[in-house]
file my_file.cif (mmCIF, C-alpha atoms and all ligand atoms)
data_input
loop_
_atom_site.label_atom_id
_atom_site.label_comp_id
_atom_site.auth_asym_id
_atom_site.auth_seq_id
_atom_site.Cartn_x
_atom_site.Cartn_y
_atom_site.Cartn_z
CA MET U 10 -46.27 9.22 175.68
CA THR U 11 -44.90 8.78 172.17
CA LEU U 12 -43.41 5.57 170.96
CA GLN U 13 -40.71 6.33 168.47
CA ILE U 14 -38.82 3.46 166.86
CA ALA U 15 -35.19 4.27 166.09
CA GLN U 16 -34.25 0.81 164.87
CA LEU U 17 -36.03 -2.39 163.96
CA HIS U 18 -34.18 -5.54 162.99
CA ALA U 19 -35.13 -9.16 162.34
CA VAL U 20 -32.83 -12.14 162.09
CA GLU U 21 -33.46 -15.78 161.24
CA ILE U 22 -33.00 -17.95 164.35
CA LEU U 23 -34.05 -21.52 165.24
CA ASP U 24 -37.22 -22.64 166.98
CA SER U 25 -37.43 -25.65 169.30
CA ARG U 26 -37.98 -28.02 166.34
CA ALA U 27 -34.81 -26.93 164.50
CA ARG U 28 -36.86 -24.91 162.04
CA PRO U 29 -36.12 -21.28 161.24
CA THR U 30 -38.13 -18.52 162.87
CA LEU U 31 -37.63 -14.81 163.57
CA ALA U 32 -36.12 -12.82 166.40
CA VAL U 33 -37.04 -9.14 166.18
CA THR U 34 -35.10 -6.44 168.04
CA LEU U 35 -36.51 -2.97 168.51
CA THR U 36 -34.71 0.11 169.81
CA THR U 37 -36.68 3.22 170.70
CA ALA U 38 -35.48 6.79 170.21
CA ASP U 39 -34.62 7.00 173.92
CA GLY U 40 -32.48 3.87 173.74
CA THR U 41 -34.84 1.24 175.16
CA HIS U 42 -33.90 -2.08 173.61
CA VAL U 43 -36.22 -5.09 173.46
CA ARG U 44 -36.37 -8.43 171.67
CA ALA U 45 -39.12 -10.86 170.67
CA GLY U 46 -39.11 -14.47 169.41
CA VAL U 47 -41.80 -15.72 167.02
CA PRO U 48 -43.61 -19.04 167.67
CA SER U 49 -44.76 -21.44 164.94
CA GLY U 50 -47.39 -24.22 164.90
CA ALA U 51 -47.62 -27.63 163.24
CA SER U 52 -51.31 -28.51 163.60
CA THR U 53 -52.43 -25.21 162.19
CA GLY U 54 -55.97 -24.08 161.43
CA THR U 55 -56.62 -23.33 157.76
CA ARG U 56 -57.84 -19.81 158.59
CA GLU U 57 -54.77 -18.77 160.58
CA ALA U 58 -52.80 -15.67 159.59
CA VAL U 59 -50.23 -16.78 157.02
CA GLU U 60 -46.63 -17.43 157.98
CA LEU U 61 -44.19 -16.43 155.23
CA ARG U 62 -41.63 -19.14 154.38
CA ASP U 63 -39.04 -18.84 151.64
CA GLY U 64 -39.82 -22.08 149.78
CA ASP U 65 -36.19 -22.24 148.67
CA GLN U 66 -35.52 -25.99 148.89
CA ALA U 67 -31.78 -25.40 149.02
CA ARG U 68 -32.12 -23.83 152.50
CA TYR U 69 -33.86 -25.55 155.45
CA HIS U 70 -36.01 -27.61 153.03
CA GLY U 71 -37.90 -24.49 152.01
CA GLN U 72 -38.63 -23.45 155.61
CA GLY U 73 -36.30 -20.42 155.70
CA VAL U 74 -37.68 -17.04 156.78
CA LEU U 75 -35.20 -14.70 155.11
CA GLY U 76 -38.06 -13.15 153.13
CA ALA U 77 -40.05 -12.38 156.29
CA ALA U 78 -36.91 -11.02 157.98
CA GLY U 79 -36.24 -8.93 154.88
CA ASN U 80 -39.74 -7.47 155.13
CA VAL U 81 -39.04 -6.35 158.71
CA ASN U 82 -35.64 -4.93 157.81
CA GLY U 83 -36.90 -3.29 154.64
CA GLU U 84 -40.51 -2.25 154.11
CA ILE U 85 -41.74 -2.44 157.72
CA SER U 86 -38.68 -0.68 159.08
CA GLN U 87 -39.00 2.09 156.51
CA ALA U 88 -42.67 2.60 157.32
CA LEU U 89 -42.28 2.62 161.12
CA THR U 90 -38.94 4.16 162.03
CA GLY U 91 -38.59 7.87 162.69
CA ARG U 92 -42.36 8.21 163.16
CA GLY U 93 -44.02 8.91 166.50
CA PHE U 94 -46.79 6.50 167.54
CA ALA U 95 -49.26 7.19 170.33
CA SER U 96 -49.23 3.52 171.37
CA ALA U 97 -48.19 -0.03 170.49
CA ALA U 98 -51.79 -0.54 169.35
CA ASP U 99 -51.21 2.21 166.79
CA ILE U 100 -48.15 0.36 165.55
CA ASP U 101 -50.31 -2.79 165.19
CA ARG U 102 -52.83 -0.81 163.15
CA ALA U 103 -50.04 0.56 160.94
CA LEU U 104 -48.76 -3.00 160.38
CA ILE U 105 -52.22 -4.29 159.41
CA GLU U 106 -52.69 -1.39 156.99
CA LEU U 107 -49.22 -1.73 155.49
CA ASP U 108 -49.75 -5.45 154.85
CA GLY U 109 -53.11 -4.81 153.26
CA THR U 110 -54.35 -8.45 153.16
CA ASP U 111 -56.91 -10.16 155.43
CA THR U 112 -54.47 -12.92 156.30
CA LYS U 113 -51.20 -10.96 156.66
CA ALA U 114 -49.89 -13.05 153.78
CA ARG U 115 -48.03 -10.27 151.99
CA LEU U 116 -45.52 -9.22 154.67
CA GLY U 117 -45.99 -12.47 156.64
CA ALA U 118 -47.80 -13.02 159.94
CA ASN U 119 -44.47 -14.17 161.40
CA ALA U 120 -42.86 -10.81 160.49
CA ILE U 121 -45.84 -8.83 161.79
CA ILE U 122 -46.29 -10.64 165.12
CA GLY U 123 -42.55 -10.31 165.80
CA VAL U 124 -42.76 -6.53 165.43
CA SER U 125 -46.01 -6.39 167.41
CA LEU U 126 -44.62 -8.38 170.38
CA ALA U 127 -41.53 -6.15 170.40
CA ALA U 128 -43.63 -2.96 170.21
CA TRP U 129 -45.76 -3.95 173.22
CA ARG U 130 -42.68 -4.89 175.19
CA ALA U 131 -41.09 -1.53 174.32
CA GLU U 132 -44.23 0.35 175.33
CA ALA U 133 -44.27 -1.43 178.71
CA ALA U 134 -40.61 -0.58 179.23
CA LEU U 135 -41.23 3.08 178.36
CA ALA U 136 -44.10 3.14 180.84
CA GLY U 137 -41.75 1.68 183.46
CA GLN U 138 -44.04 -1.29 184.01
CA GLU U 139 -43.81 -5.03 183.92
CA LEU U 140 -45.32 -6.36 180.69
CA TRP U 141 -48.21 -8.09 182.49
CA GLN U 142 -49.09 -4.90 184.37
CA HIS U 143 -48.96 -2.88 181.19
CA LEU U 144 -51.16 -5.35 179.27
CA ALA U 145 -53.69 -5.28 182.13
CA ARG U 146 -53.81 -1.49 182.10
CA ILE U 147 -54.39 -1.28 178.34
CA ALA U 148 -56.88 -4.17 178.24
CA GLY U 149 -58.70 -2.91 181.34
CA THR U 150 -58.43 -6.32 182.98
CA THR U 151 -57.66 -7.52 186.51
CA PRO U 152 -54.39 -9.47 186.56
CA ARG U 153 -54.43 -13.04 187.80
CA LEU U 154 -51.88 -15.84 187.61
CA PRO U 155 -53.21 -18.61 185.32
CA VAL U 156 -53.60 -22.32 186.03
CA PRO U 157 -50.84 -24.01 184.02
CA HIS U 158 -51.83 -26.92 181.78
CA PHE U 159 -48.93 -29.33 181.32
CA ASN U 160 -48.98 -31.40 178.15
CA VAL U 161 -47.40 -34.62 179.37
CA VAL U 162 -48.36 -37.09 176.63
CA ASN U 163 -47.89 -36.07 173.00
CA GLY U 164 -49.56 -37.64 169.96
CA GLY U 165 -50.94 -36.50 166.63
CA VAL U 166 -48.56 -34.47 164.48
CA HIS U 167 -46.37 -33.69 167.53
CA ALA U 168 -45.07 -37.24 167.98
CA PRO U 169 -44.14 -40.26 165.86
CA ASN U 170 -46.48 -42.68 167.73
CA ASP U 171 -49.91 -44.05 166.71
CA LEU U 172 -51.80 -41.90 169.21
CA ASP U 173 -54.38 -39.82 167.34
CA PHE U 174 -55.23 -37.42 170.19
CA GLN U 175 -52.56 -34.72 170.19
CA GLU U 176 -52.38 -33.52 173.80
CA PHE U 177 -53.06 -34.93 177.26
CA MET U 178 -52.62 -32.18 179.85
CA LEU U 179 -52.39 -32.09 183.63
CA ALA U 180 -54.48 -29.27 185.11
CA PRO U 181 -53.65 -28.83 188.82
CA LEU U 182 -57.00 -27.16 189.57
CA GLY U 183 -56.71 -27.88 193.28
CA ALA U 184 -53.28 -26.28 193.76
CA PRO U 185 -53.38 -23.28 196.11
CA SER U 186 -50.77 -21.23 194.24
CA LEU U 187 -48.87 -21.03 190.96
CA PRO U 188 -45.64 -22.50 192.38
CA GLU U 189 -47.61 -25.38 193.92
CA ALA U 190 -49.32 -26.01 190.56
CA VAL U 191 -45.91 -26.13 188.84
CA ARG U 192 -44.72 -28.52 191.53
CA ALA U 193 -47.75 -30.80 191.01
CA GLY U 194 -47.14 -30.82 187.23
CA ALA U 195 -43.49 -31.74 187.64
CA GLU U 196 -44.12 -34.38 190.30
CA VAL U 197 -46.81 -36.13 188.27
CA TYR U 198 -44.59 -35.90 185.15
CA ALA U 199 -41.86 -37.78 187.05
CA ARG U 200 -44.29 -40.47 188.27
CA LEU U 201 -45.66 -40.84 184.74
CA LYS U 202 -42.16 -41.42 183.42
CA ALA U 203 -41.60 -44.10 186.05
CA ARG U 204 -44.93 -45.80 185.17
CA LEU U 205 -44.15 -45.74 181.45
CA SER U 206 -40.68 -47.21 182.01
CA ALA U 207 -42.04 -49.91 184.29
CA ALA U 208 -44.61 -50.85 181.62
CA GLY U 209 -41.85 -51.16 179.02
CA TYR U 210 -42.66 -48.02 177.04
CA ALA U 211 -40.01 -45.72 175.63
CA THR U 212 -39.89 -42.36 177.40
CA GLY U 213 -38.75 -40.24 174.46
CA LEU U 214 -40.35 -36.82 174.17
CA GLY U 215 -42.63 -35.24 171.58
CA ASP U 216 -42.43 -31.68 170.30
CA GLU U 217 -43.97 -30.13 173.42
CA GLY U 218 -41.89 -32.10 175.92
CA GLY U 219 -44.52 -34.71 176.78
CA PHE U 220 -43.82 -38.43 176.54
CA ALA U 221 -44.67 -40.13 173.27
CA PRO U 222 -45.35 -43.77 174.18
CA ALA U 223 -46.55 -46.35 171.66
CA VAL U 224 -50.13 -46.27 172.95
CA ALA U 225 -52.97 -45.81 170.47
CA ARG U 226 -56.17 -45.69 172.54
CA PRO U 227 -56.79 -42.40 174.36
CA GLU U 228 -58.46 -44.26 177.23
CA ASP U 229 -55.24 -46.21 177.86
CA VAL U 230 -53.31 -42.94 178.18
CA LEU U 231 -55.95 -41.53 180.52
CA GLU U 232 -55.63 -44.59 182.79
CA LEU U 233 -51.87 -44.09 182.95
CA LEU U 234 -52.37 -40.42 183.82
CA VAL U 235 -54.84 -41.11 186.62
CA ASP U 236 -52.41 -43.68 188.06
CA ALA U 237 -49.49 -41.24 187.83
CA ILE U 238 -51.53 -38.50 189.56
CA THR U 239 -52.33 -40.94 192.37
CA ASP U 240 -48.71 -42.18 192.56
CA ALA U 241 -47.56 -38.59 193.07
CA GLY U 242 -49.94 -38.22 196.01
CA TYR U 243 -52.59 -36.02 194.39
CA THR U 244 -56.31 -36.58 193.99
CA PRO U 245 -57.36 -37.03 190.36
CA GLY U 246 -60.02 -34.38 189.72
CA PRO U 247 -60.94 -30.75 190.41
CA ASP U 248 -59.70 -30.82 194.03
CA GLY U 249 -56.29 -32.06 192.96
CA VAL U 250 -55.02 -32.62 189.45
CA ALA U 251 -57.59 -32.80 186.63
CA ILE U 252 -56.97 -33.58 182.96
CA ALA U 253 -57.47 -31.48 179.82
CA LEU U 254 -57.50 -32.90 176.30
CA ASP U 255 -56.61 -31.41 172.95
CA PRO U 256 -57.45 -34.15 170.44
CA ALA U 257 -56.81 -31.63 167.58
CA ALA U 258 -59.48 -33.52 165.64
CA SER U 259 -58.94 -31.68 162.33
CA GLU U 260 -55.80 -33.81 162.02
CA PHE U 261 -57.69 -37.15 162.15
CA ARG U 262 -60.74 -36.03 160.18
CA HIS U 263 -61.55 -38.19 157.14
CA GLU U 264 -64.26 -37.35 154.63
CA ASP U 265 -67.44 -37.26 156.75
CA GLY U 266 -65.99 -38.77 159.89
CA TYR U 267 -63.03 -39.33 162.15
CA ARG U 268 -60.52 -42.14 162.52
CA VAL U 269 -59.41 -42.85 166.11
CA ALA U 270 -57.09 -45.77 166.93
CA GLY U 271 -58.03 -47.51 163.70
CA GLU U 272 -61.80 -47.08 164.22
CA ASP U 273 -64.01 -44.99 161.92
CA LEU U 274 -66.41 -42.77 163.86
CA THR U 275 -69.11 -40.33 162.82
CA SER U 276 -69.21 -36.93 164.47
CA GLU U 277 -71.99 -38.17 166.75
CA GLN U 278 -70.07 -41.33 167.67
CA LEU U 279 -67.00 -39.27 168.53
CA ILE U 280 -69.16 -37.09 170.80
CA ASP U 281 -70.46 -40.32 172.43
CA ARG U 282 -66.85 -41.34 172.96
CA TYR U 283 -66.08 -38.01 174.66
CA GLU U 284 -69.13 -38.43 176.86
CA GLN U 285 -67.88 -41.86 177.97
CA ILE U 286 -64.44 -40.36 178.61
CA VAL U 287 -65.90 -37.55 180.72
CA ASP U 288 -68.02 -40.13 182.66
CA ARG U 289 -65.00 -42.28 183.39
CA PHE U 290 -62.05 -39.89 183.79
CA PRO U 291 -61.45 -36.52 185.52
CA VAL U 292 -61.37 -34.60 182.22
CA TRP U 293 -62.42 -31.00 182.71
CA SER U 294 -61.67 -29.44 179.29
CA ILE U 295 -61.76 -30.63 175.67
CA GLU U 296 -60.10 -28.48 173.00
CA ASP U 297 -60.72 -29.13 169.28
CA GLY U 298 -62.80 -32.23 169.99
CA LEU U 299 -64.09 -31.97 166.42
CA GLY U 300 -62.72 -30.74 163.11
CA GLU U 301 -62.58 -27.07 162.18
CA ASP U 302 -65.07 -27.59 159.33
CA ASP U 303 -67.61 -29.55 161.41
CA TRP U 304 -69.64 -26.59 162.77
CA GLU U 305 -72.84 -28.66 163.09
CA GLY U 306 -70.94 -31.23 165.11
CA TRP U 307 -69.60 -28.45 167.32
CA VAL U 308 -73.13 -27.23 168.06
CA ARG U 309 -74.09 -30.79 169.13
CA LEU U 310 -70.88 -31.24 171.14
CA THR U 311 -71.55 -27.99 172.99
CA GLU U 312 -75.20 -28.92 173.64
CA ARG U 313 -74.30 -32.34 174.96
CA LEU U 314 -71.16 -31.65 177.01
CA GLY U 315 -70.88 -27.86 177.38
CA GLY U 316 -72.70 -27.96 180.72
CA ARG U 317 -70.19 -30.43 182.14
CA VAL U 318 -66.80 -29.49 180.69
CA GLN U 319 -65.03 -26.63 178.98
CA ILE U 320 -65.46 -26.96 175.20
CA MET U 321 -62.63 -25.00 173.64
CA GLY U 322 -62.01 -23.93 170.06
CA ASP U 323 -58.48 -23.65 168.65
CA ASP U 324 -58.17 -24.51 164.94
CA ILE U 325 -61.84 -23.62 164.46
CA PHE U 326 -61.45 -20.09 165.97
CA VAL U 327 -57.77 -19.27 165.23
CA THR U 328 -57.93 -16.34 167.73
CA ASN U 329 -59.93 -14.46 165.09
CA PRO U 330 -62.39 -11.91 166.54
CA ALA U 331 -64.80 -12.29 163.59
CA ILE U 332 -64.88 -16.10 163.73
CA ILE U 333 -65.29 -16.08 167.53
CA THR U 334 -68.18 -13.63 167.19
CA GLU U 335 -69.85 -15.96 164.69
CA ALA U 336 -69.26 -18.94 166.99
CA ILE U 337 -70.83 -17.15 169.95
CA GLY U 338 -73.92 -16.42 167.84
CA ARG U 339 -74.18 -20.08 166.82
CA LYS U 340 -73.54 -21.42 170.35
CA VAL U 341 -70.38 -23.18 169.28
CA ALA U 342 -68.08 -24.02 172.24
CA ASN U 343 -67.84 -22.07 175.50
CA SER U 344 -64.14 -21.29 175.47
CA ALA U 345 -61.34 -20.20 173.14
CA LEU U 346 -57.66 -21.02 172.89
CA ILE U 347 -55.60 -17.86 172.33
CA LYS U 348 -52.43 -17.87 170.21
CA VAL U 349 -50.85 -14.55 169.24
CA ASN U 350 -49.44 -15.75 165.93
CA GLN U 351 -52.75 -17.21 164.76
CA ILE U 352 -54.10 -13.69 164.30
CA GLY U 353 -50.81 -11.80 164.01
CA THR U 354 -50.95 -8.77 166.34
CA VAL U 355 -51.27 -8.29 170.10
CA THR U 356 -54.10 -5.78 169.54
CA GLU U 357 -56.26 -8.33 167.70
CA THR U 358 -55.39 -10.95 170.32
CA LEU U 359 -56.65 -8.66 173.10
CA GLU U 360 -59.77 -7.98 171.02
CA ALA U 361 -60.47 -11.73 170.66
CA MET U 362 -60.10 -12.11 174.44
CA ARG U 363 -62.39 -9.15 175.13
CA ILE U 364 -65.10 -10.63 172.90
CA CYS U 365 -64.80 -13.94 174.78
CA ARG U 366 -64.97 -12.25 178.18
CA GLU U 367 -68.09 -10.32 177.27
CA ALA U 368 -69.83 -13.46 175.99
CA GLY U 369 -68.82 -15.53 179.03
CA TYR U 370 -66.44 -17.70 177.01
CA THR U 371 -63.36 -18.72 179.01
CA GLN U 372 -59.92 -18.34 177.46
CA MET U 373 -56.60 -20.19 177.64
CA VAL U 374 -53.44 -18.47 176.41
CA SER U 375 -51.22 -20.89 174.47
CA HIS U 376 -47.73 -21.47 173.15
CA ARG U 377 -47.13 -23.17 169.78
CA SER U 378 -45.46 -26.54 169.22
CA GLY U 379 -42.52 -24.64 167.68
CA GLU U 380 -41.30 -22.19 170.33
CA THR U 381 -38.45 -19.92 171.35
CA GLU U 382 -37.30 -18.89 174.82
CA ASP U 383 -39.56 -15.81 174.63
CA ALA U 384 -42.07 -15.89 177.50
CA PHE U 385 -44.46 -13.13 176.32
CA ILE U 386 -47.46 -15.43 176.76
CA ALA U 387 -46.83 -15.75 180.52
CA ASP U 388 -47.32 -11.99 180.83
CA LEU U 389 -50.27 -12.03 178.44
CA ALA U 390 -52.09 -14.71 180.43
CA THR U 391 -51.39 -12.95 183.73
CA GLY U 392 -52.22 -9.43 182.54
CA THR U 393 -55.52 -10.39 180.95
CA GLY U 394 -56.50 -12.40 184.02
CA CYS U 395 -57.91 -15.19 181.84
CA GLY U 396 -56.94 -17.83 184.39
CA GLN U 397 -55.49 -20.49 182.09
CA ILE U 398 -52.29 -21.11 180.12
CA LYS U 399 -50.76 -24.04 178.28
CA SER U 400 -47.06 -24.18 177.50
CA GLY U 401 -46.32 -27.86 177.11
CA ALA U 402 -44.62 -30.18 179.55
CA PRO U 403 -42.78 -29.06 182.70
CA ALA U 404 -39.64 -29.97 180.71
CA ARG U 405 -37.54 -28.53 177.83
CA GLY U 406 -36.20 -24.99 178.11
CA GLU U 407 -38.61 -23.29 175.71
CA ARG U 408 -41.63 -24.71 177.62
CA VAL U 409 -40.22 -24.16 181.10
CA ALA U 410 -39.27 -20.54 180.22
CA LYS U 411 -42.98 -19.66 180.40
CA TYR U 412 -43.63 -21.47 183.68
CA ASN U 413 -40.50 -19.97 185.22
CA ARG U 414 -41.61 -16.50 184.13
CA LEU U 415 -44.94 -17.13 185.90
CA ILE U 416 -43.04 -18.11 189.05
CA ALA U 417 -41.02 -14.89 188.80
CA ILE U 418 -44.22 -12.85 188.42
CA ALA U 419 -45.76 -14.63 191.42
CA GLU U 420 -42.64 -13.92 193.45
CA SER U 421 -42.62 -10.24 192.47
CA ASP U 422 -46.17 -9.59 193.64
CA PRO U 423 -47.41 -11.79 196.49
CA ALA U 424 -50.83 -10.07 196.32
CA LEU U 425 -51.55 -11.39 192.80
CA ARG U 426 -54.49 -13.77 192.73
CA TYR U 427 -54.08 -17.23 191.23
CA GLY U 428 -56.51 -19.62 189.58
CA LEU U 429 -59.32 -19.98 187.08
CA ALA U 430 -61.16 -16.78 186.22
CA THR U 431 -64.44 -16.62 188.07
CA GLY U 432 -67.21 -14.82 186.21
P1 LIG V 1 -49.57 -26.33 167.13
O1 LIG V 1 -50.37 -27.19 168.20
O2 LIG V 1 -48.82 -25.27 167.83
O3 LIG V 1 -48.72 -27.36 166.45
O4 LIG V 1 -50.62 -25.76 166.20
C1 LIG V 1 -50.90 -26.66 169.38
C2 LIG V 1 -52.37 -26.89 169.49
O5 LIG V 1 -53.01 -27.51 168.61
O6 LIG V 1 -52.98 -26.43 170.46
ZN ZN V 2 -55.01 -27.14 169.81
#

call {"tool": "encode", "arguments": {"input": "my_file.cif", "output": "structure tokens"}}
result
Amino acid sequence: MTLQIAQLHAVEILDSRARPTLAVTLTTADGTHVRAGVPSGASTGTREAVELRDGDQARYHGQGVLGAAGNVNGEISQALTGRGFASAADIDRALIELDGTDTKARLGANAIIGVSLAAWRAEAALAGQELWQHLARIAGTTPRLPVPHFNVVNGGVHAPNDLDFQEFMLAPLGAPSLPEAVRAGAEVYARLKARLSAAGYATGLGDEGGFAPAVARPEDVLELLVDAITDAGYTPGPDGVAIALDPAASEFRHEDGYRVAGEDLTSEQLIDRYEQIVDRFPVWSIEDGLGEDDWEGWVRLTERLGGRVQIMGDDIFVTNPAIITEAIGRKVANSALIKVNQIGTVTETLEAMRICREAGYTQMVSHRSGETEDAFIADLATGTGCGQIKSGAPARGERVAKYNRLIAIAESDPALRYGLATG
């Protein structure tokens, strides 16, 4: 099969935070037409692939992406159209080579990932397969529907409250199927809203659709969550609905330590705090518990809690195969968050996931806090069989688009397995 691009076009659209991002459309020589939307983060790792923004203060406060769109419509389009490629992976390699930098800073990681997502979608269409099936075939993985992780309380840079921990997620580990997991997430979300209202808290939403109450102590949020899980008729814990945390600790790192709810903590004291949290609450996974520069702390965190809970790297790993390889060698974490735009191509994303699989590190495919209606990640999580996904709350169209895509996949193939990846 040859993949020949007849037309490639990018346009500046809006993401879910009213900031500009890219939509890329790709038409193949045989008339297949696909589209991709580019996600964008707010609590970004410093080693992420570099998003190109215009910096022109007269438009969108400098956040415009006309330059990145221009790169797709100009240089990238010229290099890729009219040429036959053996695969979407070959297109990814051509993009990496054309950009020529380690961080995709020249053409822009946002431009490159938009083209990459579209190329993989086009290749699946040409093969006459669903995207998740196609990704599984290329990656050599066994498809599996992932356990959704619903971010129902937002803090950190995603909300205007005083809560330092960024994400509190519901993980319906005990649900027998994907639709039942979605149902559990939505039912607990509704009970949480009722509890917050009854306690006099505002129920406004943060960037990922979770509530953003004026609570500062993470333990107070966890108590509310356990109560809401119980109110909804589920058992808090692995047999029902467990909890996953993404403190996003790089964002509350100060000099040598961390500042949580007004308290200064050393790395070791913050690990103690996590241990107390794990003792007291049904928390099964902690992402970015420490800052991206605190590698020694990460080694200690993994030693102390890695046998009990999933210790996941996001900002510290940035879906980068080389950094993940180094982390595996240094026994840092036991799991990686996977975001396509952190590294910039689907090929490198699949490589990061392969490295994790081979080392026994679990993986969770993730959205960004700035999203579009594109649900590529639902197919990516299913096709790679990694068993976990996070896409925000069971509310707001751009979040729900991913969960609804998973429901559609489940409906289309009743034989598909569901749940955490086992070994
Ligand atoms: P971001 O946050 O998309 O704003 O980077 C998500 C996360 O930290 O997991
Ligand atoms: Zn994170």

call {"tool": "closest_atom_pairs", "arguments": {"input": "my_file.cif", "of": "range 183-232 of chain U", "to": "range 154-172 of chain U", "cutoff": "9 Å", "atoms": "all atoms listed in the file", "output": "tab-separated table"}}
result
residue	atom	partner	partner_atom	distance
U:Ala184	CA	U:Val156	CA	8.7
U:Ser186	CA	U:Leu154	CA	8.6
U:Leu187	CA	U:Leu154	CA	6.9
U:Ala190	CA	U:Pro157	CA	7.0
U:Val191	CA	U:Pro157	CA	7.2
U:Gly194	CA	U:Phe159	CA	6.4
U:Ala195	CA	U:Phe159	CA	8.7
U:Tyr198	CA	U:Val161	CA	6.6
U:Leu201	CA	U:Val161	CA	8.4
U:Leu214	CA	U:Asn163	CA	7.7
U:Gly215	CA	U:Ala168	CA	4.8
U:Asp216	CA	U:His167	CA	5.2
U:Glu217	CA	U:Asn160	CA	7.0
U:Gly218	CA	U:Val161	CA	7.0
U:Gly219	CA	U:Val161	CA	3.9
U:Phe220	CA	U:Val162	CA	4.7
U:Ala221	CA	U:Asn163	CA	5.2
U:Pro222	CA	U:Asn170	CA	6.6
U:Ala223	CA	U:Asn170	CA	5.4
U:Val224	CA	U:Leu172	CA	6.0
U:Ala225	CA	U:Leu172	CA	4.3
U:Arg226	CA	U:Leu172	CA	6.7
U:Pro227	CA	U:Leu172	CA	7.2
U:Val230	CA	U:Val162	CA	7.8

call {"tool": "closest_residue", "arguments": {"input": "my_file.cif", "among": "U:Asp65, U:Asp111, U:Glu21, U:Glu296", "to": "Glu176 in chain U", "atoms": "all atoms listed in the file"}}
result
U:Glu296

call {"tool": "residues_near_point", "arguments": {"input": "my_file.cif", "point": "(-57.6, -20.5, 187.1)", "cutoff": "10 Å", "atoms": "all atoms listed in the file", "output": "MDAnalysis selection string"}}
result
chainID U and resid 153:157 180:184 186:187 373 394:398 426:431

call {"tool": "write_last_selection", "arguments": {"input": "my_file.cif", "atoms": "C-alpha atoms", "output": "compact mmCIF listing (two decimals), in the frame of the given file"}}
result
# COMPACT_ATOMS: atom_id res chain seq x y z
CA ARG U 153 -54.43 -13.04 187.80
CA LEU U 154 -51.88 -15.84 187.61
CA PRO U 155 -53.21 -18.61 185.32
CA VAL U 156 -53.60 -22.32 186.03
CA PRO U 157 -50.84 -24.01 184.02
CA ALA U 180 -54.48 -29.27 185.11
CA PRO U 181 -53.65 -28.83 188.82
CA LEU U 182 -57.00 -27.16 189.57
CA GLY U 183 -56.71 -27.88 193.28
CA ALA U 184 -53.28 -26.28 193.76
CA SER U 186 -50.77 -21.23 194.24
CA LEU U 187 -48.87 -21.03 190.96
CA MET U 373 -56.60 -20.19 177.64
CA GLY U 394 -56.50 -12.40 184.02
CA CYS U 395 -57.91 -15.19 181.84
CA GLY U 396 -56.94 -17.83 184.39
CA GLN U 397 -55.49 -20.49 182.09
CA ILE U 398 -52.29 -21.11 180.12
CA ARG U 426 -54.49 -13.77 192.73
CA TYR U 427 -54.08 -17.23 191.23
CA GLY U 428 -56.51 -19.62 189.58
CA LEU U 429 -59.32 -19.98 187.08
CA ALA U 430 -61.16 -16.78 186.22
CA THR U 431 -64.44 -16.62 188.07

call {"tool": "closest_residue", "arguments": {"input": "my_file.cif", "among": "U:Asp324, U:Asp273, U:Glu360, U:Asp422", "to": "ligand LIG 1 (chain V)", "atoms": "only C-alpha atoms and all ligand atoms"}}
result
U:Asp324

call {"tool": "atom_distance", "arguments": {"input": "my_file.cif", "atom1": "CA of Ser52 in chain U", "atom2": "CA of Ala253 in chain U"}}
result
17.6 Å
